[in-house]
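Trainee: See work.csv below, with CSV, C-alpha atoms and all ligand atoms.
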```csv
chain,number,residue,atom,x,y,z
B,180,MET,CA,132.8,1.9,22.7
B,181,ILE,CA,131.5,4.5,25.1
B,182,LYS,CA,128.8,3.6,27.6
B,183,ILE,CA,126.5,5.7,29.8
B,184,ALA,CA,125.4,3.0,32.2
B,185,ASN,CA,123.9,0.5,29.7
B,186,ILE,CA,123.5,2.9,26.9
B,187,GLU,CA,126.0,1.9,24.2
B,188,LEU,CA,127.3,4.8,22.1
B,189,PRO,CA,129.8,4.9,19.2
B,190,ASP,CA,133.4,6.0,19.8
B,191,PHE,CA,133.6,9.7,20.4
B,192,PRO,CA,129.8,10.3,20.6
B,193,LEU,CA,128.4,13.8,19.8
B,194,LEU,CA,125.9,15.1,22.2
B,195,LEU,CA,123.4,17.8,21.6
B,196,ALA,CA,123.8,20.3,24.5
B,197,PRO,CA,120.8,21.3,26.6
B,198,MET,CA,119.8,24.8,25.4
B,199,GLU,CA,116.9,26.8,26.7
B,200,ASP,CA,114.4,27.7,23.9
B,201,VAL,CA,116.5,25.8,21.4
B,202,SER,CA,116.6,22.1,22.3
B,203,ASP,CA,112.9,21.5,21.9
B,204,PRO,CA,111.6,18.1,20.7
B,205,PRO,CA,111.5,19.0,17.0
B,206,PHE,CA,115.0,20.5,17.0
B,207,ARG,CA,116.3,17.5,18.9
B,208,ALA,CA,114.7,15.2,16.4
B,209,LEU,CA,116.4,17.0,13.5
B,210,CYS,CA,119.8,16.8,15.3
B,211,LYS,CA,119.3,13.2,15.9
B,212,GLU,CA,118.6,12.5,12.3
B,213,GLN,CA,121.8,14.3,11.4
B,214,GLY,CA,123.9,12.2,13.7
B,215,ALA,CA,123.6,13.4,17.3
B,216,ASP,CA,124.2,10.4,19.5
B,217,VAL,CA,122.6,11.7,22.6
B,218,VAL,CA,120.2,14.6,22.9
B,219,TYR,CA,119.3,16.6,26.0
B,220,THR,CA,116.2,18.7,26.8
B,221,GLU,CA,116.6,22.3,27.8
B,222,PHE,CA,116.9,22.7,31.6
B,223,ILE,CA,113.7,22.3,33.5
B,224,SER,CA,113.0,23.9,36.9
B,225,SER,CA,112.5,21.4,39.7
B,226,GLU,CA,110.4,24.0,41.5
B,227,GLY,CA,108.3,24.5,38.3
B,228,LEU,CA,107.8,20.7,38.0
B,229,ILE,CA,106.5,20.2,41.5
B,230,ARG,CA,104.2,23.2,41.3
B,231,ASP,CA,102.8,21.6,38.1
B,232,ALA,CA,103.7,24.6,36.1
B,233,ALA,CA,102.5,24.0,32.5
B,234,LYS,CA,105.6,25.7,31.1
B,235,SER,CA,107.9,23.2,32.9
B,236,ILE,CA,105.7,20.1,32.4
B,237,ILE,CA,105.5,20.5,28.6
B,238,LYS,CA,109.3,20.4,28.4
B,239,LEU,CA,109.2,16.8,29.6
B,240,ASP,CA,107.7,15.7,26.3
B,241,ILE,CA,110.0,13.4,24.3
B,242,TYR,CA,109.7,11.5,21.0
B,243,GLU,CA,110.6,7.9,20.7
B,244,LYS,CA,112.7,8.7,17.7
B,245,GLU,CA,115.1,10.9,19.6
B,246,ARG,CA,116.4,8.3,22.1
B,247,PRO,CA,118.7,8.1,23.9
B,248,VAL,CA,117.5,11.4,25.4
B,249,GLY,CA,118.3,13.0,28.7
B,250,ILE,CA,116.0,15.3,30.6
B,251,GLN,CA,117.9,18.0,32.4
B,252,ILE,CA,116.7,19.5,35.7
B,253,PHE,CA,118.0,22.2,37.9
B,254,GLY,CA,117.4,23.3,41.5
B,255,ALA,CA,119.1,23.5,44.8
B,256,GLU,CA,116.4,22.3,47.3
B,257,LEU,CA,116.9,18.6,48.0
B,258,ASP,CA,113.2,17.9,48.5
B,259,SER,CA,112.1,19.6,45.3
B,260,MET,CA,114.8,17.9,43.3
B,261,LEU,CA,113.8,14.5,44.6
B,262,GLN,CA,110.1,15.2,43.8
B,263,ALA,CA,111.2,16.5,40.4
B,264,VAL,CA,113.1,13.2,39.7
B,265,ASP,CA,109.9,11.2,40.4
B,266,ILE,CA,108.0,13.4,37.9
B,267,VAL,CA,110.7,13.2,35.3
B,268,GLU,CA,110.8,9.4,35.6
B,269,LYS,CA,107.2,9.2,34.5
B,270,SER,CA,108.3,10.6,31.1
B,271,ASN,CA,110.7,7.6,30.8
B,272,PRO,CA,113.8,9.4,29.5
B,273,ASP,CA,117.0,7.4,29.1
B,274,ILE,CA,119.0,9.7,31.3
B,275,ILE,CA,118.4,12.3,34.0
B,276,ASP,CA,120.9,15.1,33.8
B,277,ILE,CA,121.6,17.6,36.6
B,278,ASN,CA,122.4,21.2,35.6
B,279,PHE,CA,125.3,22.4,37.8
B,280,GLY,CA,126.5,24.9,35.1
B,281,CYS,CA,123.9,27.5,34.4
B,282,PRO,CA,125.5,30.9,35.0
B,283,VAL,CA,122.4,33.1,34.9
B,284,LYS,CA,122.0,35.3,38.0
B,285,LYS,CA,118.4,34.4,38.8
B,286,VAL,CA,119.4,30.7,38.9
B,287,VAL,CA,122.8,31.1,40.6
B,288,CYS,CA,121.5,33.3,43.4
B,289,LYS,CA,119.4,30.5,44.6
B,290,ASN,CA,122.5,28.2,44.6
B,291,ALA,CA,121.2,26.3,41.6
B,292,GLY,CA,123.0,25.8,38.3
B,293,ALA,CA,126.6,27.0,38.6
B,294,GLY,CA,125.7,28.6,41.9
B,295,ILE,CA,126.4,25.3,43.6
B,296,LEU,CA,130.0,25.4,42.5
B,297,ARG,CA,130.5,27.5,45.6
B,298,ASP,CA,129.3,24.7,47.8
B,299,ILE,CA,130.8,21.4,46.6
B,300,PRO,CA,129.6,19.3,49.6
B,301,LEU,CA,126.0,20.4,48.8
B,302,MET,CA,126.6,19.5,45.1
B,303,VAL,CA,127.8,16.0,46.1
B,304,LYS,CA,125.0,15.5,48.6
B,305,LEU,CA,122.3,16.5,46.2
B,306,THR,CA,123.7,14.3,43.5
B,307,GLU,CA,124.0,11.3,45.8
B,308,ALA,CA,120.4,11.7,46.9
B,309,LEU,CA,119.1,12.0,43.3
B,310,VAL,CA,121.2,8.9,42.2
B,311,LYS,CA,119.7,6.9,45.0
B,312,ARG,CA,116.2,8.0,44.2
B,313,THR,CA,116.1,6.8,40.6
B,314,LYS,CA,116.9,3.7,38.6
B,315,LEU,CA,117.7,5.8,35.6
B,316,PRO,CA,121.3,6.8,34.9
B,317,VAL,CA,122.1,10.2,36.3
B,318,THR,CA,124.6,12.5,34.5
B,319,VAL,CA,125.9,15.9,35.4
B,320,LYS,CA,126.7,18.9,33.3
B,321,THR,CA,128.9,21.5,35.0
B,322,ARG,CA,131.6,24.1,34.5
B,323,LEU,CA,135.3,24.2,35.5
B,324,GLY,CA,134.5,26.0,38.8
B,325,TRP,CA,133.0,29.2,40.2
B,326,ASP,CA,136.0,31.3,39.2
B,327,HIS,CA,139.6,31.1,38.1
B,328,ASN,CA,140.8,30.7,41.7
B,329,SER,CA,138.5,27.8,42.6
B,330,ILE,CA,138.9,25.3,39.8
B,331,LYS,CA,138.6,21.9,41.5
B,332,ILE,CA,137.0,20.0,38.7
B,333,VAL,CA,139.2,17.0,39.0
B,334,GLU,CA,138.2,16.4,42.6
B,335,VAL,CA,134.6,17.4,41.9
B,336,ALA,CA,134.3,14.9,39.0
B,337,GLU,CA,135.8,12.1,41.1
B,338,ARG,CA,133.4,12.8,44.0
B,339,LEU,CA,130.4,12.9,41.7
B,340,GLN,CA,131.5,9.6,40.1
B,341,ASP,CA,131.9,8.1,43.6
B,342,VAL,CA,128.3,8.9,44.4
B,343,GLY,CA,127.1,7.2,41.3
B,344,ILE,CA,126.8,9.5,38.2
B,345,LYS,CA,127.3,7.7,34.9
B,346,ALA,CA,128.9,10.4,32.8
B,347,ILE,CA,129.9,14.1,33.2
B,348,SER,CA,129.9,16.9,30.6
B,349,ILE,CA,132.2,19.8,31.4
B,350,HIS,CA,132.0,23.2,29.9
B,351,GLY,CA,135.5,24.6,29.8
B,352,ARG,CA,134.6,27.9,31.4
B,353,THR,CA,134.0,29.1,35.0
B,354,ARG,CA,130.8,30.7,36.1
B,355,VAL,CA,132.5,34.1,36.3
B,356,GLN,CA,133.5,33.8,32.7
B,357,MET,CA,129.9,33.3,31.6
B,358,TYR,CA,130.4,32.9,27.9
B,359,LYS,CA,133.4,35.2,27.6
B,360,GLY,CA,136.9,34.2,26.5
B,361,GLU,CA,137.8,30.9,25.1
B,362,ALA,CA,136.8,27.5,26.6
B,363,ASP,CA,139.8,25.9,28.3
B,364,TRP,CA,139.8,22.1,27.6
B,365,ARG,CA,143.0,21.4,29.6
B,366,PRO,CA,141.2,21.0,33.0
B,367,ILE,CA,138.7,18.7,31.3
B,368,ALA,CA,141.6,16.6,30.0
B,369,GLU,CA,143.0,16.5,33.6
B,370,VAL,CA,139.6,15.0,34.7
B,371,LYS,CA,139.9,12.4,31.9
B,372,ASN,CA,143.5,11.6,32.8
B,373,ASN,CA,142.7,11.0,36.5
B,374,PRO,CA,143.3,7.2,36.7
B,375,ARG,CA,140.4,6.9,39.1
B,376,MET,CA,137.9,8.1,36.5
B,377,GLN,CA,135.9,5.3,35.0
B,378,ILE,CA,132.9,7.1,33.6
B,379,PRO,CA,132.8,9.0,30.2
B,380,VAL,CA,134.1,12.6,30.4
B,381,PHE,CA,132.5,14.7,27.7
B,382,GLY,CA,134.0,18.1,26.7
B,383,ASN,CA,131.9,21.1,26.0
B,384,GLY,CA,132.6,24.7,24.9
B,385,ASP,CA,133.5,26.1,21.5
B,386,VAL,CA,133.3,23.0,19.4
B,387,ASP,CA,132.4,25.0,16.4
B,388,SER,CA,134.1,23.1,13.6
B,389,PRO,CA,135.0,19.5,12.7
B,390,GLU,CA,138.6,20.4,13.3
B,391,ALA,CA,137.8,21.5,16.9
B,392,ALA,CA,136.0,18.3,17.5
B,393,LYS,CA,139.0,16.3,16.2
B,394,LYS,CA,141.3,18.3,18.5
B,395,MET,CA,139.0,17.5,21.5
B,396,ARG,CA,139.2,13.9,20.6
B,397,ASP,CA,142.9,13.5,19.5
B,398,ALA,CA,144.8,16.2,21.4
B,399,TYR,CA,142.7,16.2,24.6
B,400,GLY,CA,141.7,12.6,24.7
B,401,LEU,CA,138.1,13.3,25.8
B,402,ASP,CA,135.4,10.7,25.4
B,403,GLY,CA,133.0,12.7,23.3
B,404,ALA,CA,131.9,16.3,22.5
B,405,MET,CA,128.8,18.1,23.7
B,406,ILE,CA,127.8,20.6,21.1
B,407,GLY,CA,125.7,23.7,21.7
B,408,ARG,CA,125.8,26.9,19.7
B,409,ALA,CA,127.4,25.3,16.6
B,410,SER,CA,124.2,23.3,16.1
B,411,ILE,CA,121.8,26.3,16.4
B,412,GLY,CA,120.3,26.7,12.9
B,413,ASN,CA,122.7,23.9,11.8
B,414,PRO,CA,121.5,20.5,12.9
B,415,TRP,CA,123.7,19.2,10.0
B,416,PHE,CA,126.8,20.0,12.1
B,417,PHE,CA,126.7,16.5,13.6
B,418,LYS,CA,126.8,14.9,10.2
B,419,GLU,CA,129.6,17.3,9.1
B,420,VAL,CA,131.8,16.3,12.1
B,421,LYS,CA,131.2,12.6,11.5
B,422,HIS,CA,132.0,12.9,7.8
B,423,TYR,CA,135.2,14.8,8.6
B,424,PHE,CA,136.3,12.1,11.1
B,425,LYS,CA,135.7,9.4,8.5
B,426,THR,CA,137.2,11.1,5.4
B,427,GLY,CA,139.2,14.1,6.6
B,428,LYS,CA,137.1,16.2,4.2
B,429,HIS,CA,134.4,18.8,4.7
B,430,LEU,CA,130.9,18.4,3.5
B,431,PRO,CA,129.5,21.2,1.5
B,432,PRO,CA,127.1,23.5,3.5
B,433,PRO,CA,123.5,22.5,3.5
B,434,THR,CA,121.6,23.7,0.4
B,435,MET,CA,118.6,26.0,0.4
B,436,GLU,CA,116.4,23.0,-0.3
B,437,GLU,CA,117.8,21.2,2.8
B,438,ARG,CA,117.3,24.3,4.9
B,439,VAL,CA,113.7,24.9,3.8
B,440,ASP,CA,113.0,21.2,4.3
B,441,ALA,CA,114.3,21.5,7.9
B,442,ALA,CA,112.3,24.6,8.6
B,443,ARG,CA,109.2,22.9,7.2
B,444,ARG,CA,109.6,19.8,9.2
B,445,HIS,CA,110.5,21.7,12.3
B,446,LEU,CA,107.2,23.7,11.9
B,447,GLN,CA,105.2,20.6,11.2
B,448,MET,CA,106.6,18.7,14.2
B,449,SER,CA,105.9,21.7,16.4
B,450,ILE,CA,102.3,21.9,15.2
B,451,ASP,CA,101.9,18.2,15.8
B,452,TRP,CA,103.3,18.6,19.3
B,453,LYS,CA,101.7,21.8,20.5
B,454,GLY,CA,98.9,22.6,18.1
B,455,GLU,CA,98.9,25.2,15.3
B,456,LYS,CA,98.8,28.4,17.3
B,457,LEU,CA,101.7,27.6,19.7
B,458,GLY,CA,103.6,25.6,17.0
B,459,VAL,CA,103.6,28.5,14.6
B,460,PHE,CA,104.6,31.0,17.4
B,461,GLU,CA,107.4,29.0,18.9
B,462,THR,CA,109.1,27.9,15.7
B,463,ARG,CA,109.6,31.5,14.7
B,464,ARG,CA,112.8,31.9,16.7
B,465,HIS,CA,114.4,29.1,14.7
B,466,TYR,CA,114.0,30.5,11.2
B,467,THR,CA,116.6,33.3,11.5
B,468,ASN,CA,119.1,30.6,12.3
B,469,TYR,CA,118.2,28.3,9.3
B,470,PHE,CA,118.4,31.2,6.9
B,471,LYS,CA,121.3,33.2,8.3
B,472,GLY,CA,123.4,35.4,6.1
B,473,ILE,CA,121.2,35.5,3.0
B,474,PRO,CA,121.1,39.0,1.5
B,475,HIS,CA,117.8,40.8,0.9
B,476,PHE,CA,116.0,38.2,3.0
B,477,LYS,CA,114.2,40.6,5.4
B,478,ASP,CA,110.8,40.6,3.7
B,479,TYR,CA,110.7,36.8,3.6
B,480,ARG,CA,111.9,36.5,7.2
B,481,MET,CA,109.1,39.0,8.2
B,482,LYS,CA,106.5,36.8,6.5
B,483,MET,CA,107.7,33.7,8.4
B,484,VAL,CA,107.8,35.4,11.8
B,485,THR,CA,104.6,37.4,11.6
B,486,SER,CA,102.1,35.1,10.0
B,487,ASP,CA,99.8,33.4,12.5
B,488,ASP,CA,98.6,30.9,10.0
B,489,ALA,CA,100.6,27.8,9.3
B,490,VAL,CA,99.5,27.8,5.7
B,491,ASP,CA,101.0,31.2,5.2
B,492,VAL,CA,104.3,30.2,6.8
B,493,PHE,CA,104.5,27.1,4.6
B,494,ALA,CA,103.7,29.3,1.6
B,495,ALA,CA,106.6,31.6,2.6
B,496,PHE,CA,108.9,28.6,2.7
B,497,ASP,CA,107.9,27.8,-0.9
B,498,GLU,CA,108.5,31.4,-2.0
B,499,VAL,CA,112.0,31.3,-0.4
B,500,LEU,CA,112.8,28.1,-2.2
B,501,GLU,CA,111.7,29.6,-5.5
B,502,LYS,CA,113.5,32.9,-5.0
B,503,PHE,CA,116.7,31.8,-3.3
B,504,GLY,CA,116.9,28.1,-4.4
B,505,ASP,CA,120.2,28.7,-6.2
B,506,TYR,CA,121.8,30.7,-3.3
B,507,GLN,CA,125.3,29.4,-2.5
B,508,PHE,CA,126.0,29.2,1.2
B,509,ALA,CA,129.6,29.9,2.2
J,601,LIG,C1,120.7,29.7,24.0
J,601,LIG,C2,121.4,28.8,25.0
J,601,LIG,C3,120.7,28.2,26.0
J,601,LIG,C4,121.3,27.3,26.9
J,601,LIG,N1,120.6,26.6,27.8
J,601,LIG,C5,121.2,25.7,28.6
J,601,LIG,C6,120.4,24.9,29.4
J,601,LIG,O1,119.2,24.9,29.5
J,601,LIG,N2,121.1,23.9,30.2
J,601,LIG,C7,122.5,23.9,30.2
J,601,LIG,O2,123.1,23.0,30.9
J,601,LIG,N3,123.2,24.7,29.4
J,601,LIG,C8,122.6,25.6,28.6
J,601,LIG,N4,123.4,26.3,27.8
J,601,LIG,C9,124.8,26.1,27.7
J,601,LIG,C10,125.2,25.1,26.6
J,601,LIG,O3,124.6,23.8,26.9
J,601,LIG,C11,126.7,24.9,26.5
J,601,LIG,O4,127.2,24.5,27.7
J,601,LIG,C12,127.4,26.2,26.1
J,601,LIG,O5,126.7,26.9,25.0
J,601,LIG,C13,128.8,26.0,25.6
J,601,LIG,O6,128.8,25.1,24.5
J,601,LIG,P1,129.0,25.6,23.0
J,601,LIG,O7,130.2,26.4,22.9
J,601,LIG,O8,129.1,24.3,22.2
J,601,LIG,O9,127.8,26.4,22.7
J,601,LIG,C14,122.8,27.2,26.9
J,601,LIG,C15,123.5,27.9,25.9
J,601,LIG,C16,122.9,28.7,24.9
J,601,LIG,C17,123.7,29.3,23.9
```
Would you write the structure of this file as structure tokens?
Mentor:
Amino acid sequence: MIKIANIELPDFPLLLAPMEDVSDPPFRALCKEQGADVVYTEFISSEGLIRDAAKSIIKLDIYEKERPVGIQIFGAELDSMLQAVDIVEKSNPDIIDINFGCPVKKVVCKNAGAGILRDIPLMVKLTEALVKRTKLPVTVKTRLGWDHNSIKIVEVAERLQDVGIKAISIHGRTRVQMYKGEADWRPIAEVKNNPRMQIPVFGNGDVDSPEAAKKMRDAYGLDGAMIGRASIGNPWFFKEVKHYFKTGKHLPPPTMEERVDAARRHLQMSIDWKGEKLGVFETRRHYTNYFKGIPHFKDYRMKMVTSDDAVDVFAAFDEVLEKFGDYQFA
């Protein structure tokens, strides 16, 4: 059994990665239903939180049904990060996760996200202070290093463990790589094989099939997989991987009925969460993903993403089911 502090997880847990504009509460709930063992919020700016910025505050919302859930924060200023931890605690998540992996320029140039990989002592100092500030388990998500020449992830992971983090998720790319090339899981396996490591080491990057997840488990010996892009528009991915682990067989792709049901429920949960106007608006970006690859779908997609009225969007879902109900997904 794998444990993050006192949170008990099954062998080789599957974690939903934090993803900006994707990992909202409805999507996390859908992934949880389909087998995600831990879910993370999208990253939340510590500066935004302490300035009481509505855009950041709303990201703290969590549903009971999605637990265990981690709230992820980013920043580089000790004081702001500490205050952000106090604010996050009030939402009562199961985990606080620190983002030391975001490669985006506007984050990195402030030394936040992956920017901190250029200053490991600061990374350790911030982490230690945050761990001391909260009773909640703190986890870290990071990358292999700043660039190819500065990969010190074995040492970094050990130092972060020594200051009290309870798990680490490592994306097998450097900051300089952004999302290019292939994720390299070998340095992550080196972290896992370090005899001093006691905490779970989760692998991240390019787990895009049940076979890839199995490879991460069996060939690289990691403690679990954090899954990002493969889950976008496909919350069923978690179930698929678990089915494959159990039976060695693939599940058929989700049917149109299942996709329409997911879209409907996603929209309804968003409306319940944010009200009709925002719920309708913010769920739009998810539809393309649920209905990817269907020929002659444009008119239906347009209806879904241009209607301001929830009733019209729900009606568009009904139409889709009627028109494309028999469509066979590859
Ligand atoms: C749309 C999108 C948004 C992301 N937002 C975040 C984020 O808020 N916090 C974070 O730590 N990583 C973020 N990531 C990185 C993912 O968590 C993950 O590390 C990366 O996508 C590699 O995993 P994958 O190959 O399974 O997608 C994001 C990735 C994508 C594609």
Trainee: Taking (139.6, 22.1, 29.1) in the file's own coordinates, collect the residues within 12 Å, counting only C-alpha atoms, and hand them back as a ChimeraX atom specification.
Mentor: /B:322-324,330,332-333,348-353,361-372,380-386,394-396,398-401,404
Trainee: Can you tell me which residues come within 6 Å of ligand LIG 601 (chain J) when counting only C-alpha atoms and all ligand atoms, ideally as a ChimeraX atom specification?
Mentor: /B:196-199,221-222,278,280-281,320,350,383-386,406-409
Trainee: For the contact check between region 186-214 of chain B and region 235-247 of chain B, emit one row per residue of region 186-214 of chain B within 8 Å, containing the shortest atom pair and the distance in Å rounded to one decimal, counting all atoms listed in the file, chain then rising number order, as a tab-separated table.
Mentor:
```
residue	atom	partner	partner_atom	distance
B:Ile186	CA	B:Pro247	CA	7.7
B:Asp203	CA	B:Lys238	CA	7.5
B:Pro204	CA	B:Ile241	CA	6.1
B:Arg207	CA	B:Glu245	CA	6.7
B:Ala208	CA	B:Glu245	CA	5.4
B:Lys211	CA	B:Glu245	CA	6.1
```
Trainee: Quick one: pull the distance between CA of Lys182 (chain B) and CA of Ala391 (chain B), Å, one decimal.
Mentor: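 Taking CA of Lys182 (chain B) as the start and CA of Ala391 (chain B) as the end point, the length is 22.7 Å.
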Trainee: Which polymer residues have any atom within 10 Å of an atom of region 467-483 of chain B, counting only C-alpha atoms, with same-chain residues fewer than 2 positions away left out, as an MDAnalysis selection string?
Mentor: chainID B and resid 410:414 433 435 437:439 441:442 459:460 462:465 485:489 491:496 498:499 502:503 506:509
Trainee: Which residues come within 6 Å of Asp216 (chain B), counting all atoms listed in the file, excluding same-chain residues fewer than 4 positions away, as a PyMOL selection string?
Mentor: chain B and resi 192-194
Trainee: Quick one: pull the distance between CA of Met302 (chain B) and CA of Leu195 (chain B), Å, one decimal.
Mentor: 23.8 Å
Trainee: When you count all atoms listed in the file, which of these residues is closest to Arg312 (chain B): B:Thr426, B:Ser224, B:Gln262, B:Asn328?
Mentor: B:Gln262
Trainee: Calculated over all atoms listed in the file, which of the candidates B:Asp341, B:Glu455, B:Glu268, B:Glu419 has the smallest distance to Thr306 (chain B)?
Mentor: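 That would be B:Asp341, the residue with the smallest distance to Thr306 (chain B).
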Trainee: Work out how far CA of Pro316 (chain B) is from CA of Gly343 (chain B), in Å to one decimal.
Mentor: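 Between these atoms lies a distance of 8.6 Å.
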Trainee: Starting from the point (115.9, 12.0, 33.0), work out which residues of protein, DNA or RNA have an atom no more than 7 Å away when counting all atoms listed in the file; state them as a CSV table (one decimal) with C-alpha atoms, keeping the file's coordinate frame.
Mentor:
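Result written to point_16.csv:
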```
chain,number,residue,atom,x,y,z
B,249,GLY,CA,118.3,13.0,28.7
B,250,ILE,CA,116.0,15.3,30.6
B,251,GLN,CA,117.9,18.0,32.4
B,267,VAL,CA,110.7,13.2,35.3
B,268,GLU,CA,110.8,9.4,35.6
B,272,PRO,CA,113.8,9.4,29.5
B,273,ASP,CA,117.0,7.4,29.1
B,274,ILE,CA,119.0,9.7,31.3
B,275,ILE,CA,118.4,12.3,34.0
B,276,ASP,CA,120.9,15.1,33.8
B,315,LEU,CA,117.7,5.8,35.6
```
Trainee: With distances taken over all atoms listed in the file, which residue among B:Asp298, B:Glu187, B:Asp200, B:Asp402 lies nearest Glu461 (chain B)?
Mentor: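 Answer, going by the shortest atom-to-atom distance: B:Asp200.
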Trainee: Given the choices B:Gly454, B:Leu261, B:Glu436, B:Phe191, which gets closest to Glu501 (chain B) if the distance is worked out from all atoms listed in the file?
Mentor: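 Between B:Gly454, B:Leu261, B:Glu436, B:Phe191, the residue approaching Glu501 (chain B) most closely is B:Glu436.
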Trainee: From the list B:Val264, B:Ile277, B:Leu301, B:Ile252, which residue is nearest Lys314 (chain B) when using all atoms listed in the file?
Mentor: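 When distances to Lys314 (chain B) are compared using all atoms listed in the file, the smallest one comes from B:Val264.
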